[in-house]
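Trainee: Following this line is data_36.csv, made up of CSV, C-alpha atoms:
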chain,number,residue,atom,x,y,z
J,1356,MET,CA,60.2,20.8,-15.6
J,1357,ASP,CA,63.1,19.9,-13.4
J,1358,TYR,CA,63.4,16.2,-12.9
J,1359,ASP,CA,66.4,16.5,-10.7
J,1360,GLU,CA,64.5,18.8,-8.3
J,1361,ALA,CA,61.5,16.5,-8.3
J,1362,TRP,CA,63.7,13.5,-7.3
J,1363,ARG,CA,65.5,15.5,-4.7
J,1364,ARG,CA,62.2,16.5,-3.0
J,1365,LEU,CA,60.9,12.9,-3.2
J,1366,LEU,CA,64.0,11.5,-1.7
J,1367,ALA,CA,64.4,14.2,0.9
J,1368,HIS,CA,61.0,13.4,2.5
J,1369,ASP,CA,60.1,17.0,2.7
J,1370,GLY,CA,56.4,16.6,2.4
J,1371,VAL,CA,56.1,15.3,-1.2
J,1372,PHE,CA,55.3,11.6,-1.4
J,1373,GLY,CA,55.8,9.3,-4.4
J,1374,HIS,CA,54.6,5.7,-4.9
J,1375,GLY,CA,54.9,3.3,-7.7
J,1376,ALA,CA,52.9,0.4,-9.2
J,1377,HIS,CA,54.7,-2.7,-10.3
J,1378,VAL,CA,53.5,-5.5,-12.4
J,1379,ASP,CA,55.7,-8.6,-12.8
J,1380,GLY,CA,58.6,-6.6,-11.3
J,1381,ARG,CA,58.3,-3.7,-13.7
J,1382,LEU,CA,57.4,-0.1,-12.7
J,1383,VAL,CA,54.2,0.6,-14.7
J,1384,GLY,CA,52.8,3.7,-12.9
J,1385,ILE,CA,53.7,6.5,-10.5
J,1386,VAL,CA,51.8,8.9,-8.3
J,1387,HIS,CA,52.9,12.0,-6.3
J,1388,HIS,CA,50.9,13.7,-3.6
J,1389,LEU,CA,51.3,16.2,-0.8
J,1390,PHE,CA,49.4,17.5,2.2
J,1391,HIS,CA,48.5,21.1,2.9
J,1392,THR,CA,46.2,23.1,5.2
J,1393,SER,CA,42.9,24.6,4.3
J,1394,ILE,CA,40.5,27.1,5.8
J,1395,TRP,CA,37.9,24.4,6.0
J,1396,THR,CA,40.0,21.5,7.3
J,1397,PRO,CA,43.3,21.0,9.0
J,1398,SER,CA,44.7,18.8,6.2
J,1399,VAL,CA,44.0,18.3,2.6
J,1400,CYS,CA,45.7,15.9,0.2
J,1401,TYR,CA,46.6,17.1,-3.3
J,1402,LEU,CA,47.3,14.3,-5.8
J,1403,GLN,CA,49.8,16.2,-7.9
J,1404,ASP,CA,50.9,13.7,-10.6
J,1405,LEU,CA,49.6,10.4,-11.9
J,1406,PHE,CA,51.1,8.4,-14.7
J,1407,THR,CA,50.7,4.9,-16.1
J,1408,SER,CA,52.7,3.4,-18.9
J,1409,ALA,CA,50.7,3.0,-22.2
J,1410,ALA,CA,50.8,-0.8,-21.8
J,1411,ALA,CA,49.2,-0.6,-18.3
J,1412,ARG,CA,46.4,1.7,-19.2
J,1413,GLY,CA,42.9,0.3,-18.8
J,1414,LYS,CA,44.1,-2.4,-16.4
J,1415,GLY,CA,43.3,-0.7,-13.1
J,1416,VAL,CA,46.8,0.6,-12.4
J,1417,GLY,CA,45.8,4.2,-12.2
J,1418,ARG,CA,42.8,3.4,-10.1
J,1419,ALA,CA,45.0,1.4,-7.7
J,1420,LEU,CA,47.4,4.3,-7.4
J,1421,ILE,CA,44.6,6.8,-6.7
J,1422,ASN,CA,43.1,4.4,-4.1
J,1423,GLY,CA,46.5,4.2,-2.5
J,1424,VAL,CA,46.6,8.0,-2.1
J,1425,TYR,CA,43.1,8.0,-0.6
J,1426,GLU,CA,44.3,5.3,1.9
J,1427,ARG,CA,47.4,7.3,2.8
J,1428,ALA,CA,45.3,10.5,3.2
J,1429,LEU,CA,42.9,8.7,5.7
J,1430,LEU,CA,45.9,7.4,7.7
J,1431,ALA,CA,47.3,10.9,7.8
J,1432,GLY,CA,44.0,12.3,9.1
J,1433,SER,CA,43.2,14.2,5.8
J,1434,PRO,CA,39.5,13.9,5.0
J,1435,ARG,CA,39.8,15.2,1.5
J,1436,VAL,CA,41.8,14.3,-1.7
J,1437,TYR,CA,41.6,16.4,-4.8
J,1438,TRP,CA,43.5,16.8,-8.1
J,1439,LEU,CA,43.2,18.8,-11.3
J,1440,THR,CA,43.2,17.4,-14.8
J,1441,HIS,CA,43.9,19.4,-17.9
J,1442,GLU,CA,40.9,19.5,-20.2
J,1443,THR,CA,43.0,17.8,-22.9
J,1444,ASN,CA,43.9,14.8,-20.7
J,1445,HIS,CA,41.5,12.1,-21.5
Could you rewrite the structure in this file as structure tokens?

Mentor:
Amino acid sequence: MDYDEAWRRLLAHDGVFGHGAHVDGRLVGIVHHLFHTSIWTPSVCYLQDLFTSAAARGKGVGRALINGVYERALLAGSPRVYWLTHETNH
């Protein structure tokens, strides 16, 4: 995993988007997403990464970040959002 490359891409605005959730001025969660084409639709949104701090879990932070991706997808004209979760990620 190359954190420097991830930050470069997020800051370069080259099609990878990142958003954060803050509680009381502290960053407690992040989400990354991107758009791509599909045979079935002109644009699809892939939620690539979602993370919430341990202290924020179970408090709706992850759901709020996911809902934000859905809102951005609709604004971008993308009718579909999807993501993959590893079987060990509960």

Trainee: Would you kindly return, as a list in words, each protein, DNA or RNA residue with an atom no farther than 12 Å from any atom of Ala1419 in chain J, considering only C-alpha atoms and excluding same-chain residues fewer than 2 positions away?

Mentor: His1374, Gly1375, Ala1376, His1377, Val1378, Val1383, Gly1384, Ile1385, Val1386, Leu1405, Phe1406, Thr1407, Ala1411, Arg1412, Gly1413, Lys1414, Gly1415, Val1416, Gly1417, Ile1421, Asn1422, Gly1423, Val1424, Tyr1425 and Glu1426 of chain J

Trainee: In Å, with one decimal, what is the gap from CA of Leu1439 in chain J to CA of Leu1402 in chain J?

Mentor: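 For CA of Leu1439 in chain J relative to CA of Leu1402 in chain J, the distance reads 8.2 Å.
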
Trainee: May I have the residues within 7 Å of Gly1373 in chain J as a list in words, using all atoms listed in the file and disregarding those fewer than 5 positions away in the same chain?

Mentor: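 Neighbouring residues, sequence-local ones excluded: Leu1365, Val1386, His1387 and His1388 of chain J.
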
Trainee: Calculated over all atoms listed in the file, which of the candidates J:Arg1418, J:Asp1404, J:Ala1410, J:Asp1379 has the smallest distance to Thr1440 in chain J?

Mentor: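 The answer is J:Asp1404, which sits nearest to Thr1440 in chain J.
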
Trainee: So how far away is CA of Tyr1358 in chain J from CA of Val1436 in chain J, in Å?

Mentor: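 Interatomic distance here is 24.4 Å.
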
Trainee: Using all atoms of range 1391-1396 of chain J that appear in the file, construct an axis-aligned enclosing box with 5 Å of padding on every side and provide its centre coordinates and edge lengths in Å, rounded to one decimal, as JSON.

Mentor:
{"center_x": 43.2, "center_y": 24.1, "center_z": 5.1, "size_x": 20.6, "size_y": 16.0, "size_z": 14.4}

Trainee: Work out how far CA of Asn1444 in chain J is from CA of Thr1392 in chain J, in Å to one decimal.

Mentor: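 For CA of Thr1392 in chain J relative to CA of Asn1444 in chain J, the distance reads 27.3 Å.
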
Trainee: Report as a list in words all protein, DNA and RNA residues lying within 7 Å of Cys1400 in chain J, evaluated on only C-alpha atoms, omitting residues in the same chain fewer than 2 positions from it.

Mentor: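 Near Cys1400 in chain J, the qualifying residues are His1388, Leu1389, Phe1390, His1391, Ser1398, Leu1402, Ala1428, Ser1433, Arg1435, Val1436 and Tyr1437 of chain J.
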
Trainee: Have a look at J:Arg1427, J:His1441, J:His1368, J:Arg1363 and name the one nearest to Val1399 in chain J; count all atoms listed in the file.

Mentor: J:Arg1427
